[in-house]
$ cat work_21.cif   # mmCIF, C-alpha atoms
data_target
loop_
_atom_site.label_atom_id
_atom_site.label_comp_id
_atom_site.auth_asym_id
_atom_site.auth_seq_id
_atom_site.Cartn_x
_atom_site.Cartn_y
_atom_site.Cartn_z
CA MET A 1 24.67 19.33 8.31
CA GLU A 2 22.24 21.80 9.81
CA SER A 3 24.84 22.99 12.35
CA ARG A 4 27.34 23.68 9.56
CA LEU A 5 24.69 25.58 7.64
CA ARG A 6 23.87 27.69 10.69
CA MET A 7 27.57 28.37 11.31
CA THR A 8 28.07 29.38 7.68
CA THR A 9 25.05 31.67 7.83
CA ALA A 10 26.33 33.28 11.02
CA VAL A 11 29.76 33.86 9.50
CA VAL A 12 28.23 35.42 6.37
CA ARG A 13 26.05 37.70 8.49
CA LEU A 14 29.04 38.69 10.56
CA LEU A 15 31.05 39.56 7.46
CA VAL A 16 28.17 41.61 6.10
CA PHE A 17 27.89 43.48 9.39
CA ALA A 18 31.65 44.04 9.45
CA MET A 19 31.62 45.47 5.93
CA THR A 20 28.70 47.69 6.94
CA VAL A 21 30.56 49.09 9.92
CA ILE A 22 34.10 49.27 8.49
CA GLN A 23 33.29 51.69 5.73
CA ALA A 24 34.34 55.23 5.04
CA LYS A 25 32.50 57.20 7.68
CA SER A 26 34.05 60.45 6.51
CA SER A 27 34.42 62.11 3.16
CA VAL A 28 37.11 64.57 2.09
CA LEU A 29 36.19 67.70 0.15
CA THR A 30 38.88 70.03 -1.21
CA PHE A 31 38.02 73.28 -2.99
CA GLN A 32 39.38 76.78 -3.60
CA VAL A 33 37.82 79.91 -2.14
CA GLU A 34 38.54 82.88 -4.35
CA PRO A 35 39.47 86.28 -2.84
CA ARG A 36 36.58 88.50 -1.75
CA THR A 37 34.14 85.57 -1.94
CA MET A 38 32.43 83.13 0.41
CA ASP A 39 31.72 79.51 -0.55
CA CYS A 40 29.24 77.33 1.30
CA VAL A 41 28.45 73.63 1.57
CA TYR A 42 25.35 72.03 3.07
CA ASP A 43 24.82 69.07 5.34
CA VAL A 44 21.67 67.63 6.91
CA VAL A 45 21.91 67.17 10.68
CA GLN A 46 19.15 65.71 12.85
CA GLN A 47 18.06 67.40 16.06
CA GLY A 48 20.09 66.30 19.08
CA LYS A 49 22.85 64.76 16.95
CA THR A 50 26.46 65.87 17.24
CA PHE A 51 28.06 67.28 14.11
CA ASP A 52 31.84 66.91 13.83
CA MET A 53 33.98 68.46 11.12
CA ASP A 54 37.72 68.88 10.55
CA PHE A 55 39.11 71.40 8.07
CA GLU A 56 42.40 73.06 7.20
CA VAL A 57 43.72 75.68 4.82
CA ALA A 58 46.26 73.90 2.66
CA ARG A 59 47.40 76.85 0.55
CA GLY A 60 47.06 80.60 0.25
CA GLY A 61 48.26 83.69 2.06
CA LEU A 62 48.62 83.35 5.82
CA LEU A 63 46.68 80.06 5.78
CA ASP A 64 43.69 81.74 7.43
CA ILE A 65 39.96 81.45 6.78
CA LYS A 66 36.75 82.48 8.50
CA VAL A 67 34.14 79.78 9.13
CA LYS A 68 30.45 80.41 9.65
CA ILE A 69 27.84 77.73 10.29
CA TYR A 70 24.15 78.55 10.01
CA SER A 71 21.19 76.61 11.36
CA PRO A 72 18.22 75.72 9.12
CA ARG A 73 16.52 78.87 10.45
CA GLY A 74 19.46 81.05 9.42
CA ASP A 75 20.86 81.60 12.92
CA VAL A 76 24.65 81.73 13.26
CA ILE A 77 25.83 78.72 15.27
CA ILE A 78 29.59 79.17 14.85
CA ASP A 79 31.56 82.21 13.73
CA LYS A 80 35.28 81.44 13.90
CA MET A 81 38.49 82.80 12.44
CA ALA A 82 41.00 79.98 12.01
CA PHE A 83 44.75 80.28 11.44
CA PHE A 84 46.94 77.38 10.26
CA ASN A 85 50.31 79.15 9.99
CA HIS A 86 51.95 77.48 13.01
CA GLU A 87 53.85 74.20 13.17
CA ASP A 88 52.27 72.58 16.25
CA ASP A 89 50.17 69.65 15.01
CA GLU A 90 48.01 69.55 18.14
CA LYS A 91 47.14 73.23 17.81
CA LEU A 92 46.39 72.72 14.12
CA GLU A 93 43.98 69.90 14.91
CA GLU A 94 42.27 71.96 17.60
CA GLU A 95 42.10 74.98 15.30
CA GLY A 96 40.46 73.01 12.51
CA HIS A 97 38.00 70.96 14.58
CA ILE A 98 34.37 72.00 14.91
CA SER A 99 31.73 70.17 16.94
CA PHE A 100 28.22 71.15 17.95
CA VAL A 101 24.88 69.59 18.83
CA ALA A 102 22.09 70.41 16.39
CA VAL A 103 19.20 72.27 18.01
CA SER A 104 16.85 71.65 15.10
CA SER A 105 16.72 69.15 12.26
CA GLY A 106 17.39 70.26 8.73
CA GLU A 107 19.99 71.49 6.30
CA HIS A 108 22.87 73.36 7.94
CA LYS A 109 24.99 75.75 5.89
CA ILE A 110 28.78 75.70 6.34
CA CYS A 111 30.46 78.75 4.83
CA PHE A 112 34.13 79.58 4.33
CA ASP A 113 34.59 83.35 4.15
CA ASN A 114 37.58 84.78 2.27
CA THR A 115 36.20 88.28 1.75
CA MET A 116 39.00 89.78 3.87
CA SER A 117 41.57 88.70 1.27
CA ARG A 118 42.00 91.01 -1.71
CA TRP A 119 44.32 89.01 -3.95
CA THR A 120 44.99 85.55 -2.47
CA ALA A 121 42.75 82.51 -2.95
CA LYS A 122 42.59 79.87 -0.20
CA VAL A 123 42.56 76.11 -0.78
CA VAL A 124 40.41 74.49 1.92
CA SER A 125 40.28 70.77 2.65
CA MET A 126 37.51 69.55 4.93
CA LEU A 127 36.66 66.17 6.42
CA ILE A 128 32.98 65.63 7.22
CA PRO A 129 31.15 62.52 8.42
CA THR A 130 29.32 60.48 5.83
CA PRO A 131 25.56 60.48 6.42
CA GLY A 132 24.45 57.22 7.99
CA GLY A 133 27.83 56.32 9.47
CA ASN A 134 26.64 56.52 13.07
CA LYS A 135 23.30 54.96 12.19
CA ALA A 136 25.06 51.76 11.16
CA HIS A 137 26.65 51.62 14.60
CA GLU A 138 23.29 52.04 16.28
CA ASN A 139 21.71 49.26 14.23
CA ILE A 140 24.53 46.83 14.85
CA ALA A 141 24.62 47.66 18.55
CA LYS A 142 21.12 46.15 18.81
CA LEU A 143 22.42 42.73 17.74
CA GLU A 144 23.00 41.48 21.25
CA HIS A 145 23.56 37.89 20.16
CA LEU A 146 26.86 38.82 18.50
CA GLY A 147 28.04 40.61 21.65
CA PRO A 148 31.81 41.16 21.95
CA VAL A 149 32.45 40.49 18.27
CA VAL A 150 30.39 43.49 17.20
CA ASP A 151 32.03 45.63 19.88
CA SER A 152 35.43 44.72 18.47
CA ILE A 153 34.28 45.55 14.94
CA ILE A 154 32.98 48.93 16.09
CA LYS A 155 36.29 49.68 17.82
CA ILE A 156 38.15 48.74 14.63
CA ALA A 157 35.88 51.05 12.63
CA ASP A 158 36.54 53.91 15.06
CA ASN A 159 40.28 53.31 14.84
CA LEU A 160 40.12 53.30 11.04
CA ASP A 161 38.22 56.58 11.14
CA ALA A 162 40.93 58.07 13.39
CA ILE A 163 43.58 56.84 10.94
CA THR A 164 41.67 58.47 8.09
CA ARG A 165 41.64 61.78 9.94
CA THR A 166 45.36 61.54 10.67
CA GLN A 167 46.14 60.70 7.03
CA HIS A 168 44.05 63.65 5.89
CA HIS A 169 45.91 65.98 8.25
CA MET A 170 49.33 64.63 7.23
CA ALA A 171 48.48 64.92 3.52
CA ILE A 172 47.64 68.59 4.00
CA ARG A 173 50.85 69.20 5.94
CA GLU A 174 52.86 67.44 3.22
CA ARG A 175 51.21 69.58 0.54
CA SER A 176 51.91 72.74 2.54
CA HIS A 177 55.59 71.84 2.98
CA GLN A 178 55.84 70.98 -0.71
CA ASP A 179 54.42 74.39 -1.66
CA THR A 180 56.91 76.07 0.67
CA GLN A 181 59.78 74.11 -0.87
CA LEU A 182 58.72 74.95 -4.42
CA SER A 183 58.34 78.62 -3.51
CA THR A 184 61.79 78.64 -1.91
CA ASN A 185 63.35 76.96 -4.95
CA SER A 186 61.73 79.51 -7.23
CA ARG A 187 63.12 82.37 -5.14
CA VAL A 188 66.58 80.81 -5.15
CA HIS A 189 66.50 80.50 -8.94
CA TRP A 190 65.44 84.12 -9.39
CA MET A 191 68.09 85.34 -6.94
CA ALA A 192 70.75 83.27 -8.72
CA ALA A 193 69.70 84.75 -12.07
CA PHE A 194 69.75 88.27 -10.60
CA GLU A 195 73.20 87.65 -9.11
CA SER A 196 74.49 86.38 -12.47
CA CYS A 197 73.17 89.47 -14.22
CA MET A 198 74.81 91.69 -11.61
CA LEU A 199 78.16 89.90 -12.06
CA ILE A 200 77.97 90.17 -15.83
CA GLY A 201 77.07 93.86 -15.57
CA MET A 202 79.91 94.58 -13.16
CA SER A 203 82.38 92.70 -15.38
CA MET A 204 81.31 94.63 -18.46
CA PHE A 205 81.55 97.91 -16.55
CA GLN A 206 85.06 97.05 -15.32
CA LEU A 207 86.20 96.11 -18.83
CA TYR A 208 84.79 99.34 -20.24
CA TYR A 209 86.37 101.44 -17.49
CA ILE A 210 89.80 99.80 -17.86
CA ARG A 211 89.65 100.19 -21.65
CA GLN A 212 88.80 103.89 -21.35
CA TRP A 213 91.58 104.38 -18.81
CA LEU A 214 94.17 102.68 -21.02
CA SER A 215 93.08 104.63 -24.09
CA THR A 216 93.45 107.86 -22.12
CA LYS A 217 96.97 106.93 -21.03
CA GLN A 218 98.07 106.07 -24.55
CA ARG A 219 97.04 109.40 -26.08
CA PRO A 220 100.08 111.63 -26.97
CA HIS A 221 100.14 114.95 -25.16
CA ARG A 222 100.55 117.99 -27.40
CA ARG A 223 103.08 120.54 -26.31
CA ARG A 224 102.50 124.18 -26.79
CA VAL A 225 105.11 126.10 -28.76
#

$ encode --input "work_21.cif" --output "structure tokens"
Amino acid sequence: MESRLRMTTAVVRLLVFAMTVIQAKSSVLTFQVEPRTMDCVYDVVQQGKTFDMDFEVARGGLLDIKVKIYSPRGDVIIDKMAFFNHEDDEKLEEEGHISFVAVSSGEHKICFDNTMSRWTAKVVSMLIPTPGGNKAHENIAKLEHLGPVVDSIIKIADNLDAITRTQHHMAIRERSHQDTQLSTNSRVHWMAAFESCMLIGMSMFQLYYIRQWLSTKQRPHRRRV
């Protein structure tokens, strides 16, 4: 009876640990940066920890944006101009990935600068780690008595996080292709309407010209006496 109780307790603890690890370690934030403005978000990073972020411009202009990251002291850590107007997925992932090691603890400012654009707003989608995601790994890694089971759970959690990143990237690409398709359809409709108007105008002009020509031919010529 006691052995069954211990086994049940171990299974429950394992499930709790698994649910703690296999959780959303990243959060998606999508927002619009208006022309001639700069929008910023904030994230707390501890000293010596690695900060990873993935972002992409889903809509607007040439799909470009300038990224600036400031330390808690106000120093510029990263100043990057990113372009997402090419079709290579690997280059897009490299273009939108930012990673750095925090020199000091505190609130870091992540800014998306669209001041170079006069008329076009940019829709930015970013994927940032959820605070405490890596801490859960560190706490569970200390449970040596669970050994390989915990290692497998951590690997599954990492794979799920990679799948989340891939889904986020594919969703942005799908949205971009959908916008391109809708824009193309709109242009086709306008061109078809313009072509119809041109055909109607040419037909009316031809009818008018033929009518004037026939009326001129049917007029009797007066002879001089």

$ atom_distance --input "work_21.cif" --atom1 "atom CA of A:Glu34" --atom2 "atom CA of A:Val188"
28.1 Å

$ closest_residue --input "work_21.cif" --among "A:Cys40, A:Leu63, A:Ala192, A:Ala162" --to "A:Thr120" --atoms "only C-alpha atoms"
A:Leu63

$ resolve_selection --input "work_21.cif" --expression "the PyMOL selection byres ((chain A and resi 111) around 6)" --output "VMD selection string"
chain A and resid 39 to 40 67 to 68 110 112

$ residues_near_point --input "work_21.cif" --point "(27.1, 72.2, 6.6)" --cutoff "10 Å" --atoms "all atoms listed in the file" --output "list of chain:residue names"
A:Cys40, A:Val41, A:Tyr42, A:Asp43, A:Val44, A:Val45, A:Phe51, A:Met53, A:Lys68, A:Ile69, A:Tyr70, A:Ser71, A:Pro72, A:Glu107, A:His108, A:Lys109, A:Ile110, A:Cys111, A:Ile128

$ residues_around --input "work_21.cif" --residues "A:His168" --least-positions-apart "3" --cutoff "8 Å" --atoms "all atoms listed in the file" --output "ChimeraX atom specification"
/A:28,127,164-165,171-172

$ resolve_selection --input "work_21.cif" --expression "the PyMOL selection byres ((chain A and resi 86) around 12)" --output "PyMOL selection string"
chain A and resi 57+62-64+82-85+87-93+95+173+176

$ atom_distance --input "work_21.cif" --atom1 "atom CA of A:Asp179" --atom2 "atom CA of A:Val124"
14.5 Å

$ atom_distance --input "work_21.cif" --atom1 "atom CA of A:Glu94" --atom2 "atom CA of A:Ser117"
23.4 Å

$ closest_residue --input "work_21.cif" --among "A:Met81, A:Ala58, A:Ile98, A:Leu182" --to "A:His169" --atoms "all atoms listed in the file"
A:Ala58

$ decode --input "work_21.cif" --residues "stretch 86-101 of chain A" --atoms "N, CA, C and O atoms" --output "short mmCIF file (atom, residue, chain, number, x, y, z; two decimals), in the first residue's frame"
data_model
loop_
_atom_site.label_atom_id
_atom_site.label_comp_id
_atom_site.auth_asym_id
_atom_site.auth_seq_id
_atom_site.Cartn_x
_atom_site.Cartn_y
_atom_site.Cartn_z
N HIS A 86 12.42 39.99 -48.82
CA HIS A 86 12.94 38.92 -49.65
C HIS A 86 12.26 37.62 -49.27
O HIS A 86 11.67 37.49 -48.19
N GLU A 87 12.37 36.62 -50.13
CA GLU A 87 11.59 35.39 -49.99
C GLU A 87 12.34 34.26 -49.29
O GLU A 87 11.75 33.21 -49.02
N ASP A 88 13.62 34.42 -49.01
CA ASP A 88 14.40 33.37 -48.37
C ASP A 88 14.05 33.30 -46.89
O ASP A 88 14.27 34.25 -46.14
N ASP A 89 13.48 32.17 -46.45
CA ASP A 89 13.05 32.03 -45.07
C ASP A 89 14.23 32.08 -44.09
O ASP A 89 14.10 32.64 -42.99
N GLU A 90 15.35 31.49 -44.47
CA GLU A 90 16.51 31.50 -43.58
C GLU A 90 17.02 32.92 -43.36
O GLU A 90 17.35 33.31 -42.23
N LYS A 91 17.07 33.70 -44.43
CA LYS A 91 17.51 35.09 -44.30
C LYS A 91 16.51 35.91 -43.48
O LYS A 91 16.90 36.79 -42.71
N LEU A 92 15.23 35.60 -43.63
CA LEU A 92 14.22 36.31 -42.84
C LEU A 92 14.38 36.02 -41.36
O LEU A 92 14.26 36.92 -40.53
N GLU A 93 14.64 34.75 -41.03
CA GLU A 93 14.83 34.40 -39.63
C GLU A 93 16.09 35.06 -39.06
O GLU A 93 16.08 35.54 -37.92
N GLU A 94 17.16 35.08 -39.84
CA GLU A 94 18.38 35.75 -39.38
C GLU A 94 18.18 37.25 -39.24
O GLU A 94 18.69 37.88 -38.31
N GLU A 95 17.42 37.82 -40.18
CA GLU A 95 17.19 39.27 -40.15
C GLU A 95 16.38 39.69 -38.92
O GLU A 95 16.60 40.76 -38.36
N GLY A 96 15.45 38.84 -38.52
CA GLY A 96 14.56 39.19 -37.42
C GLY A 96 14.96 38.64 -36.08
O GLY A 96 14.18 38.73 -35.12
N HIS A 97 16.15 38.06 -35.95
CA HIS A 97 16.58 37.48 -34.68
C HIS A 97 17.58 38.41 -34.01
O HIS A 97 18.54 38.88 -34.62
N ILE A 98 17.35 38.66 -32.73
CA ILE A 98 18.25 39.50 -31.93
C ILE A 98 18.59 38.74 -30.65
O ILE A 98 17.71 38.19 -29.98
N SER A 99 19.87 38.73 -30.32
CA SER A 99 20.34 38.05 -29.11
C SER A 99 21.51 38.83 -28.52
O SER A 99 22.41 39.25 -29.26
N PHE A 100 21.47 39.04 -27.21
CA PHE A 100 22.57 39.71 -26.54
C PHE A 100 22.58 39.30 -25.07
O PHE A 100 21.59 38.83 -24.53
N VAL A 101 23.73 39.49 -24.45
CA VAL A 101 23.90 39.18 -23.03
C VAL A 101 23.82 40.49 -22.26
O VAL A 101 24.54 41.45 -22.57
#
